[in-house]
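Shown next: data_15.txt, containing compact mmCIF, N, CA and C atoms.
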```
# COMPACT_ATOMS: atom_id res chain seq x y z
N ARG A 1 0.84 -1.20 0.00
CA ARG A 1 0.00 0.00 0.00
C ARG A 1 0.87 1.24 0.00
N ARG A 2 0.39 2.25 -0.69
CA ARG A 2 1.09 3.53 -0.69
C ARG A 2 0.91 4.19 0.66
N ALA A 3 1.82 5.10 0.97
CA ALA A 3 1.77 5.75 2.28
C ALA A 3 0.65 6.77 2.37
N SER A 4 0.82 7.93 1.75
CA SER A 4 -0.13 9.02 1.97
C SER A 4 -0.45 9.77 0.69
N ALA A 5 -1.66 10.33 0.68
CA ALA A 5 -2.09 11.19 -0.42
C ALA A 5 -2.84 12.38 0.17
N VAL A 6 -2.73 13.49 -0.51
CA VAL A 6 -3.54 14.66 -0.19
C VAL A 6 -4.54 14.79 -1.33
N LEU A 7 -5.81 14.69 -0.99
CA LEU A 7 -6.86 14.76 -1.98
C LEU A 7 -7.43 16.18 -1.98
N GLY A 8 -7.39 16.81 -3.13
CA GLY A 8 -7.91 18.17 -3.28
C GLY A 8 -8.38 18.38 -4.70
N LEU A 9 -8.74 19.59 -4.99
CA LEU A 9 -9.14 19.93 -6.35
C LEU A 9 -7.92 19.88 -7.27
N PRO A 10 -8.11 19.71 -8.58
CA PRO A 10 -6.98 19.70 -9.51
C PRO A 10 -6.19 21.01 -9.43
N CYS A 11 -4.87 20.93 -9.41
CA CYS A 11 -3.99 22.08 -9.24
C CYS A 11 -4.22 23.15 -10.31
N GLU A 12 -4.51 22.71 -11.52
CA GLU A 12 -4.66 23.66 -12.63
C GLU A 12 -5.86 24.59 -12.46
N GLN A 13 -6.73 24.32 -11.50
CA GLN A 13 -7.86 25.22 -11.25
C GLN A 13 -7.42 26.53 -10.62
N GLY A 14 -6.23 26.54 -10.02
CA GLY A 14 -5.73 27.76 -9.38
C GLY A 14 -6.49 28.06 -8.10
N GLY A 15 -6.23 29.21 -7.52
CA GLY A 15 -6.93 29.66 -6.31
C GLY A 15 -6.82 28.66 -5.18
N PHE A 16 -7.97 28.31 -4.59
CA PHE A 16 -8.02 27.39 -3.45
C PHE A 16 -7.31 26.08 -3.76
N ALA A 17 -7.44 25.58 -4.99
CA ALA A 17 -6.84 24.29 -5.36
C ALA A 17 -5.33 24.29 -5.18
N THR A 18 -4.68 25.41 -5.40
CA THR A 18 -3.21 25.44 -5.31
C THR A 18 -2.71 25.35 -3.88
N ILE A 19 -3.57 25.60 -2.90
CA ILE A 19 -3.14 25.50 -1.50
C ILE A 19 -2.69 24.07 -1.20
N ALA A 20 -3.52 23.09 -1.51
CA ALA A 20 -3.15 21.70 -1.26
C ALA A 20 -1.94 21.30 -2.10
N CYS A 21 -1.90 21.74 -3.33
CA CYS A 21 -0.79 21.40 -4.23
C CYS A 21 0.53 21.92 -3.66
N ASN A 22 0.54 23.17 -3.25
CA ASN A 22 1.77 23.76 -2.71
C ASN A 22 2.16 23.14 -1.38
N ALA A 23 1.18 22.75 -0.58
CA ALA A 23 1.49 22.08 0.69
C ALA A 23 2.14 20.72 0.44
N VAL A 24 1.69 20.00 -0.56
CA VAL A 24 2.29 18.71 -0.90
C VAL A 24 3.72 18.90 -1.37
N VAL A 25 3.96 19.90 -2.20
CA VAL A 25 5.32 20.19 -2.66
C VAL A 25 6.22 20.49 -1.46
N ARG A 26 5.73 21.31 -0.54
CA ARG A 26 6.54 21.67 0.63
C ARG A 26 6.78 20.46 1.53
N ALA A 27 5.75 19.69 1.84
CA ALA A 27 5.92 18.53 2.72
C ALA A 27 6.83 17.48 2.08
N ALA A 28 6.69 17.28 0.79
CA ALA A 28 7.55 16.32 0.08
C ALA A 28 9.01 16.77 0.09
N ALA A 29 9.26 18.07 0.03
CA ALA A 29 10.63 18.58 0.10
C ALA A 29 11.21 18.40 1.50
N LEU A 30 10.37 18.54 2.52
CA LEU A 30 10.83 18.35 3.90
C LEU A 30 11.14 16.89 4.20
N TYR A 31 10.37 16.00 3.61
CA TYR A 31 10.51 14.56 3.88
C TYR A 31 10.52 13.79 2.56
N PRO A 32 11.63 13.90 1.81
CA PRO A 32 11.67 13.32 0.46
C PRO A 32 11.61 11.79 0.43
N MET A 33 11.88 11.11 1.55
CA MET A 33 11.84 9.66 1.56
C MET A 33 10.43 9.11 1.77
N ASP A 34 9.52 9.96 2.21
CA ASP A 34 8.14 9.53 2.43
C ASP A 34 7.37 9.52 1.11
N GLN A 35 6.47 8.59 0.98
CA GLN A 35 5.61 8.54 -0.20
C GLN A 35 4.44 9.50 0.03
N LEU A 36 4.37 10.53 -0.78
CA LEU A 36 3.30 11.51 -0.67
C LEU A 36 2.97 12.00 -2.07
N GLU A 37 1.68 12.06 -2.35
CA GLU A 37 1.27 12.57 -3.66
C GLU A 37 -0.01 13.39 -3.53
N HIS A 38 -0.18 14.30 -4.46
CA HIS A 38 -1.42 15.07 -4.53
C HIS A 38 -2.33 14.38 -5.53
N ILE A 39 -3.58 14.20 -5.14
CA ILE A 39 -4.59 13.62 -6.02
C ILE A 39 -5.60 14.72 -6.30
N GLY A 40 -5.67 15.17 -7.53
CA GLY A 40 -6.61 16.22 -7.90
C GLY A 40 -7.89 15.62 -8.48
N VAL A 41 -9.00 15.82 -7.78
CA VAL A 41 -10.28 15.34 -8.27
C VAL A 41 -11.34 16.42 -8.09
N GLU A 42 -12.32 16.39 -8.93
CA GLU A 42 -13.48 17.27 -8.79
C GLU A 42 -14.39 16.69 -7.71
N GLU A 43 -15.19 17.53 -7.13
CA GLU A 43 -16.10 17.10 -6.07
C GLU A 43 -16.97 15.92 -6.52
N ASP A 44 -17.49 15.98 -7.73
CA ASP A 44 -18.39 14.93 -8.20
C ASP A 44 -17.67 13.65 -8.62
N GLU A 45 -16.33 13.65 -8.64
CA GLU A 45 -15.54 12.46 -8.97
C GLU A 45 -14.99 11.77 -7.73
N CYS A 46 -15.13 12.40 -6.59
CA CYS A 46 -14.48 11.93 -5.36
C CYS A 46 -14.94 10.53 -4.95
N GLU A 47 -16.23 10.30 -4.89
CA GLU A 47 -16.72 8.99 -4.44
C GLU A 47 -16.24 7.87 -5.35
N SER A 48 -16.24 8.10 -6.63
CA SER A 48 -15.76 7.10 -7.58
C SER A 48 -14.27 6.84 -7.36
N TRP A 49 -13.49 7.92 -7.16
CA TRP A 49 -12.06 7.76 -6.90
C TRP A 49 -11.84 6.96 -5.62
N MET A 50 -12.59 7.29 -4.58
CA MET A 50 -12.46 6.59 -3.29
C MET A 50 -12.78 5.11 -3.44
N THR A 51 -13.84 4.79 -4.18
CA THR A 51 -14.22 3.39 -4.38
C THR A 51 -13.08 2.61 -5.00
N THR A 52 -12.43 3.20 -5.98
CA THR A 52 -11.37 2.52 -6.71
C THR A 52 -10.02 2.54 -5.99
N HIS A 53 -9.69 3.66 -5.33
CA HIS A 53 -8.33 3.85 -4.82
C HIS A 53 -8.20 3.99 -3.31
N GLY A 54 -9.29 4.19 -2.58
CA GLY A 54 -9.22 4.49 -1.16
C GLY A 54 -8.39 3.52 -0.33
N SER A 55 -8.50 2.24 -0.61
CA SER A 55 -7.76 1.24 0.18
C SER A 55 -6.31 1.09 -0.25
N HIS A 56 -5.90 1.79 -1.29
CA HIS A 56 -4.51 1.72 -1.74
C HIS A 56 -3.58 2.58 -0.89
N TYR A 57 -4.13 3.39 0.00
CA TYR A 57 -3.33 4.31 0.82
C TYR A 57 -3.51 4.01 2.30
N ARG A 58 -2.46 4.21 3.05
CA ARG A 58 -2.56 4.10 4.50
C ARG A 58 -3.21 5.34 5.08
N SER A 59 -3.05 6.47 4.39
CA SER A 59 -3.57 7.74 4.89
C SER A 59 -3.98 8.63 3.71
N ILE A 60 -5.16 9.25 3.85
CA ILE A 60 -5.62 10.23 2.85
C ILE A 60 -6.04 11.49 3.59
N ILE A 61 -5.42 12.60 3.23
CA ILE A 61 -5.74 13.90 3.80
C ILE A 61 -6.66 14.59 2.80
N ILE A 62 -7.84 14.99 3.26
CA ILE A 62 -8.87 15.52 2.37
C ILE A 62 -9.01 17.02 2.64
N VAL A 63 -8.76 17.83 1.61
CA VAL A 63 -8.72 19.29 1.76
C VAL A 63 -9.97 19.93 1.15
N GLY A 64 -10.79 20.51 2.00
CA GLY A 64 -11.94 21.29 1.54
C GLY A 64 -13.27 20.71 1.96
N PRO A 65 -14.14 21.57 2.49
CA PRO A 65 -15.44 21.10 2.98
C PRO A 65 -16.35 20.53 1.90
N PHE A 66 -16.08 20.85 0.65
CA PHE A 66 -16.90 20.31 -0.44
C PHE A 66 -16.71 18.81 -0.61
N PHE A 67 -15.69 18.22 0.04
CA PHE A 67 -15.47 16.77 -0.01
C PHE A 67 -16.10 16.04 1.18
N GLN A 68 -16.84 16.76 2.03
CA GLN A 68 -17.41 16.12 3.21
C GLN A 68 -18.38 14.99 2.84
N LYS A 69 -19.26 15.22 1.88
CA LYS A 69 -20.20 14.18 1.46
C LYS A 69 -19.45 12.94 0.97
N CYS A 70 -18.38 13.15 0.24
CA CYS A 70 -17.57 12.04 -0.26
C CYS A 70 -17.01 11.22 0.90
N LEU A 71 -16.50 11.89 1.91
CA LEU A 71 -15.96 11.19 3.07
C LEU A 71 -17.06 10.41 3.79
N VAL A 72 -18.19 11.05 4.01
CA VAL A 72 -19.31 10.41 4.70
C VAL A 72 -19.72 9.13 3.96
N GLU A 73 -19.69 9.17 2.64
CA GLU A 73 -20.10 8.02 1.84
C GLU A 73 -19.00 6.96 1.70
N SER A 74 -17.74 7.30 2.05
CA SER A 74 -16.62 6.43 1.72
C SER A 74 -15.86 5.83 2.90
N PHE A 75 -15.84 6.47 4.05
CA PHE A 75 -14.91 6.04 5.11
C PHE A 75 -15.14 4.61 5.59
N ARG A 76 -16.36 4.16 5.64
CA ARG A 76 -16.65 2.80 6.13
C ARG A 76 -16.09 1.72 5.21
N ALA A 77 -16.02 2.01 3.93
CA ALA A 77 -15.54 1.02 2.96
C ALA A 77 -14.04 0.81 3.02
N HIS A 78 -13.33 1.68 3.75
CA HIS A 78 -11.86 1.61 3.81
C HIS A 78 -11.40 1.69 5.26
N PRO A 79 -11.70 0.69 6.07
CA PRO A 79 -11.40 0.75 7.50
C PRO A 79 -9.92 0.79 7.85
N THR A 80 -9.05 0.37 6.94
CA THR A 80 -7.61 0.40 7.24
C THR A 80 -6.94 1.65 6.69
N THR A 81 -7.70 2.52 6.08
CA THR A 81 -7.18 3.81 5.62
C THR A 81 -7.60 4.88 6.63
N ARG A 82 -6.64 5.71 7.03
CA ARG A 82 -6.99 6.80 7.94
C ARG A 82 -7.25 8.05 7.11
N PHE A 83 -8.36 8.72 7.40
CA PHE A 83 -8.74 9.94 6.72
C PHE A 83 -8.57 11.12 7.67
N THR A 84 -7.85 12.13 7.21
CA THR A 84 -7.68 13.36 7.99
C THR A 84 -8.29 14.48 7.18
N THR A 85 -9.18 15.23 7.80
CA THR A 85 -9.86 16.31 7.09
C THR A 85 -9.15 17.64 7.32
N VAL A 86 -9.24 18.51 6.34
CA VAL A 86 -8.74 19.87 6.46
C VAL A 86 -9.88 20.81 6.12
N ASP A 87 -10.20 21.67 7.06
CA ASP A 87 -11.21 22.70 6.90
C ASP A 87 -12.64 22.19 6.99
N PHE A 88 -12.81 21.01 7.53
CA PHE A 88 -14.13 20.51 7.90
C PHE A 88 -13.91 19.32 8.82
N CYS A 89 -14.92 18.96 9.56
CA CYS A 89 -14.85 17.79 10.42
C CYS A 89 -15.97 16.83 10.07
N HIS A 90 -15.70 15.59 10.33
CA HIS A 90 -16.68 14.53 10.15
C HIS A 90 -17.84 14.79 11.10
N PRO A 91 -19.08 14.58 10.68
CA PRO A 91 -20.20 14.79 11.60
C PRO A 91 -20.01 13.97 12.88
N PRO A 92 -20.17 14.58 14.05
CA PRO A 92 -19.92 13.89 15.32
C PRO A 92 -20.69 12.58 15.47
N GLU A 93 -21.89 12.52 14.95
CA GLU A 93 -22.68 11.30 15.07
C GLU A 93 -22.13 10.16 14.22
N MET A 94 -21.15 10.46 13.37
CA MET A 94 -20.54 9.44 12.52
C MET A 94 -19.08 9.23 12.89
N SER A 95 -18.72 9.51 14.12
CA SER A 95 -17.32 9.39 14.51
C SER A 95 -16.82 7.97 14.24
N ALA A 96 -15.56 7.89 13.85
CA ALA A 96 -14.96 6.60 13.51
C ALA A 96 -13.48 6.65 13.83
N ASP A 97 -12.92 5.50 14.13
CA ASP A 97 -11.50 5.42 14.48
C ASP A 97 -10.59 5.81 13.32
N ASN A 98 -11.07 5.68 12.09
CA ASN A 98 -10.22 5.96 10.94
C ASN A 98 -10.43 7.37 10.35
N VAL A 99 -11.11 8.25 11.10
CA VAL A 99 -11.33 9.63 10.64
C VAL A 99 -10.87 10.59 11.72
N LYS A 100 -10.00 11.54 11.32
CA LYS A 100 -9.48 12.55 12.24
C LYS A 100 -9.74 13.93 11.67
N CYS A 101 -10.14 14.83 12.53
CA CYS A 101 -10.41 16.20 12.11
C CYS A 101 -9.14 17.04 12.24
N GLY A 102 -8.69 17.63 11.13
CA GLY A 102 -7.56 18.55 11.15
C GLY A 102 -8.08 19.94 11.47
N GLU A 103 -7.83 20.41 12.68
CA GLU A 103 -8.44 21.64 13.16
C GLU A 103 -7.53 22.85 12.99
N PHE A 104 -8.16 23.99 12.74
CA PHE A 104 -7.42 25.24 12.66
C PHE A 104 -6.69 25.56 13.96
N GLN A 105 -7.30 25.24 15.12
CA GLN A 105 -6.71 25.62 16.39
C GLN A 105 -5.30 25.06 16.56
N ASN A 106 -5.01 23.94 15.91
CA ASN A 106 -3.68 23.35 16.05
C ASN A 106 -2.61 24.12 15.30
N THR A 107 -2.99 24.88 14.30
CA THR A 107 -2.02 25.59 13.48
C THR A 107 -2.28 27.09 13.43
N LEU A 108 -3.52 27.45 13.30
CA LEU A 108 -3.91 28.86 13.23
C LEU A 108 -4.90 29.12 14.37
N PRO A 109 -4.40 29.34 15.60
CA PRO A 109 -5.27 29.35 16.78
C PRO A 109 -6.33 30.45 16.79
N ASN A 110 -6.20 31.46 15.96
CA ASN A 110 -7.22 32.51 15.97
C ASN A 110 -8.41 32.19 15.09
N LEU A 111 -8.41 31.00 14.47
CA LEU A 111 -9.52 30.60 13.60
C LEU A 111 -10.24 29.39 14.17
N ASP A 112 -11.32 29.04 13.58
CA ASP A 112 -12.11 27.89 14.01
C ASP A 112 -12.19 26.91 12.85
N TRP A 113 -12.57 25.67 13.12
CA TRP A 113 -12.64 24.65 12.07
C TRP A 113 -14.03 24.58 11.46
N GLY A 114 -14.12 23.81 10.42
CA GLY A 114 -15.41 23.55 9.78
C GLY A 114 -15.88 24.69 8.90
N PHE A 115 -17.15 24.70 8.60
CA PHE A 115 -17.68 25.73 7.70
C PHE A 115 -17.50 27.11 8.30
N LYS A 116 -17.65 27.24 9.62
CA LYS A 116 -17.42 28.53 10.26
C LYS A 116 -15.98 28.99 10.00
N GLY A 117 -15.03 28.10 10.23
CA GLY A 117 -13.63 28.42 9.97
C GLY A 117 -13.36 28.68 8.50
N TYR A 118 -14.04 27.93 7.66
CA TYR A 118 -13.88 28.11 6.22
C TYR A 118 -14.29 29.52 5.82
N LEU A 119 -15.44 29.95 6.28
CA LEU A 119 -15.90 31.29 5.93
C LEU A 119 -14.97 32.36 6.49
N THR A 120 -14.58 32.20 7.73
CA THR A 120 -13.70 33.19 8.35
C THR A 120 -12.35 33.23 7.64
N SER A 121 -11.77 32.08 7.41
CA SER A 121 -10.41 32.07 6.90
C SER A 121 -10.31 32.40 5.43
N TYR A 122 -11.12 31.78 4.62
CA TYR A 122 -10.90 31.89 3.18
C TYR A 122 -11.58 33.11 2.55
N THR A 123 -12.60 33.63 3.18
CA THR A 123 -13.23 34.80 2.56
C THR A 123 -12.82 36.10 3.22
N GLN A 124 -12.20 36.03 4.40
CA GLN A 124 -11.86 37.27 5.08
C GLN A 124 -10.36 37.49 5.20
N GLY A 125 -9.59 36.87 4.36
CA GLY A 125 -8.23 37.31 4.17
C GLY A 125 -7.12 36.72 5.00
N VAL A 126 -7.23 35.49 5.48
CA VAL A 126 -6.05 34.87 6.06
C VAL A 126 -5.03 34.77 4.93
N PRO A 127 -3.80 35.16 5.19
CA PRO A 127 -2.81 35.14 4.11
C PRO A 127 -2.69 33.77 3.46
N TYR A 128 -2.50 33.79 2.18
CA TYR A 128 -2.36 32.57 1.38
C TYR A 128 -1.33 31.63 2.00
N GLN A 129 -0.20 32.20 2.44
CA GLN A 129 0.87 31.38 3.02
C GLN A 129 0.40 30.67 4.29
N ALA A 130 -0.45 31.32 5.09
CA ALA A 130 -0.96 30.70 6.31
C ALA A 130 -1.85 29.50 5.97
N LYS A 131 -2.56 29.59 4.88
CA LYS A 131 -3.40 28.47 4.46
C LYS A 131 -2.53 27.29 4.04
N ILE A 132 -1.45 27.58 3.33
CA ILE A 132 -0.51 26.51 2.95
C ILE A 132 0.14 25.93 4.20
N ASP A 133 0.47 26.80 5.18
CA ASP A 133 1.05 26.33 6.44
C ASP A 133 0.12 25.35 7.14
N LEU A 134 -1.16 25.64 7.15
CA LEU A 134 -2.14 24.76 7.79
C LEU A 134 -2.11 23.37 7.16
N VAL A 135 -2.23 23.32 5.85
CA VAL A 135 -2.28 22.02 5.16
C VAL A 135 -0.94 21.31 5.30
N THR A 136 0.18 22.05 5.21
CA THR A 136 1.50 21.43 5.37
C THR A 136 1.65 20.84 6.76
N SER A 137 1.24 21.59 7.78
CA SER A 137 1.36 21.12 9.16
C SER A 137 0.58 19.82 9.37
N ILE A 138 -0.64 19.78 8.92
CA ILE A 138 -1.46 18.58 9.06
C ILE A 138 -0.84 17.42 8.28
N THR A 139 -0.34 17.71 7.09
CA THR A 139 0.28 16.67 6.25
C THR A 139 1.53 16.11 6.91
N VAL A 140 2.39 16.98 7.42
CA VAL A 140 3.64 16.53 8.06
C VAL A 140 3.32 15.68 9.30
N LYS A 141 2.33 16.09 10.08
CA LYS A 141 1.95 15.29 11.26
C LYS A 141 1.44 13.91 10.84
N GLU A 142 0.69 13.87 9.77
CA GLU A 142 0.15 12.61 9.30
C GLU A 142 1.26 11.72 8.72
N LEU A 143 2.22 12.31 8.01
CA LEU A 143 3.36 11.54 7.50
C LEU A 143 4.15 10.92 8.65
N ALA A 144 4.34 11.68 9.73
CA ALA A 144 5.06 11.17 10.91
C ALA A 144 4.29 10.00 11.52
N ARG A 145 2.98 10.11 11.60
CA ARG A 145 2.18 9.02 12.15
C ARG A 145 2.30 7.77 11.29
N VAL A 146 2.21 7.93 9.97
CA VAL A 146 2.32 6.79 9.06
C VAL A 146 3.72 6.17 9.16
N ARG A 147 4.73 7.00 9.23
CA ARG A 147 6.12 6.53 9.31
C ARG A 147 6.34 5.72 10.60
N ALA A 148 5.70 6.11 11.68
CA ALA A 148 5.90 5.45 12.97
C ALA A 148 5.21 4.09 13.07
N ARG A 149 4.30 3.81 12.17
CA ARG A 149 3.57 2.53 12.24
C ARG A 149 4.32 1.40 11.64
```
How would this structure read if it were set down as structure tokens?
Amino acid sequence: RRASAVLGLPCEQGGFATIACNAVVRAAALYPMDQLEHIGVEEDECESWMTTHGSHYRSIIIVGPFFQKCLVESFRAHPTTRFTTVDFCHPPEMSADNVKCGEFQNTLPNLDWGFKGYLTSYTQGVPYQAKIDLVTSITVKELARVRAR
């Protein structure tokens, strides 16, 4: 099985999509021996991608609240894959051992997670670099966890 992937929008879309792409480039440069790749998918392609590829990874970091439905529909089918969310959390009533919420408080303490955090951070001007820092931080922590297993 492959180690880790960051699932986000395709890089060529620019804007929000490039945050995950740049975070993967940065994390891969910090830890070049770790297997890490960016998977660019559209929101409506996510469930199909998960069905086909979800179990091929030990860890998948999912960037963006628009992928929440995909995670809700997919996490049970891949019990040995750990899913870490960025900028949204799994609904509390669906908590699972293989799903972890990547929270703003861990990296950007003045913000909140989930849709509230999404609105505050992305529409009200958190610097682009801080957004990349958030995704990089969560990715590096997840790489360390995968490496330790």
| field | Within 5 Å of stretch 79-93 of chain A using only N, CA and C atoms, minus same-chain residues under 5 positions, as JSON, numbers by chain | value | {"A": [57, 58, 59, 60, 61, 62, 63, 64, 65, 98, 99, 100, 101, 102, 114]}
| query | Per DSSP on the backbone, what are the alpha helix (DSSP H) residues of stretch 8-95 of chain A, as an NGL selection string? | reply | :A and (16-30 or 46-53 or 68-74)
| message | Need to verify the contact set: A:Asn22, 7 Å, only C-alpha atoms, exclusion of same-chain residues closer than 4 positions in sequence. Can you return it as number ranges by chain? | response | A: 18, 26, 132
Next, dump the selected residues to file, keeping only N, CA and C atoms, as a CSV table (one decimal), keeping the file's coordinate frame.
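To be explicit, this is the file written out as selection-v9.csv:
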```csv
chain,number,residue,atom,x,y,z
A,18,THR,N,-4.7,25.4,-5.4
A,18,THR,CA,-3.2,25.4,-5.3
A,18,THR,C,-2.7,25.4,-3.9
A,26,ARG,N,5.7,21.3,-0.5
A,26,ARG,CA,6.5,21.7,0.6
A,26,ARG,C,6.8,20.5,1.5
A,132,ILE,N,-1.4,27.6,3.3
A,132,ILE,CA,-0.5,26.5,3.0
A,132,ILE,C,0.1,25.9,4.2
```
| request: Would you please work out which residue, of A:Lys141, A:His56, A:Arg1, A:Lys131, is nearest to A:Ala20 when using all atoms listed in the file? | output: A:Lys131
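In this model, the gap between atom C of A:Val6 and atom C of A:Arg147 comes to 18.5 Å.
Separating atom N of A:Tyr31 from atom CA of A:Leu134 is a distance of 15.8 Å.
Going from atom CA of A:Glu43 to atom CA of A:Phe66 covers 6.5 Å.
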| Residue set, chain A restricted to strand (DSSP E or B), as JSON, numbers by chain | {"A": [2, 3, 4, 5, 6, 7, 8, 36, 37, 38, 39, 40, 57, 58, 59, 60, 61, 62, 63, 82, 83, 84, 85, 86, 99, 100, 101, 102]}
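When the distance limit is 6.5 Å and only N, CA and C atoms are what count, the residues near A:Leu36, minus those fewer than 2 positions from it on the same chain, are Ala3, Ser4, Ala5, Val6, Ala28, Asp34 and His38 of chain A.
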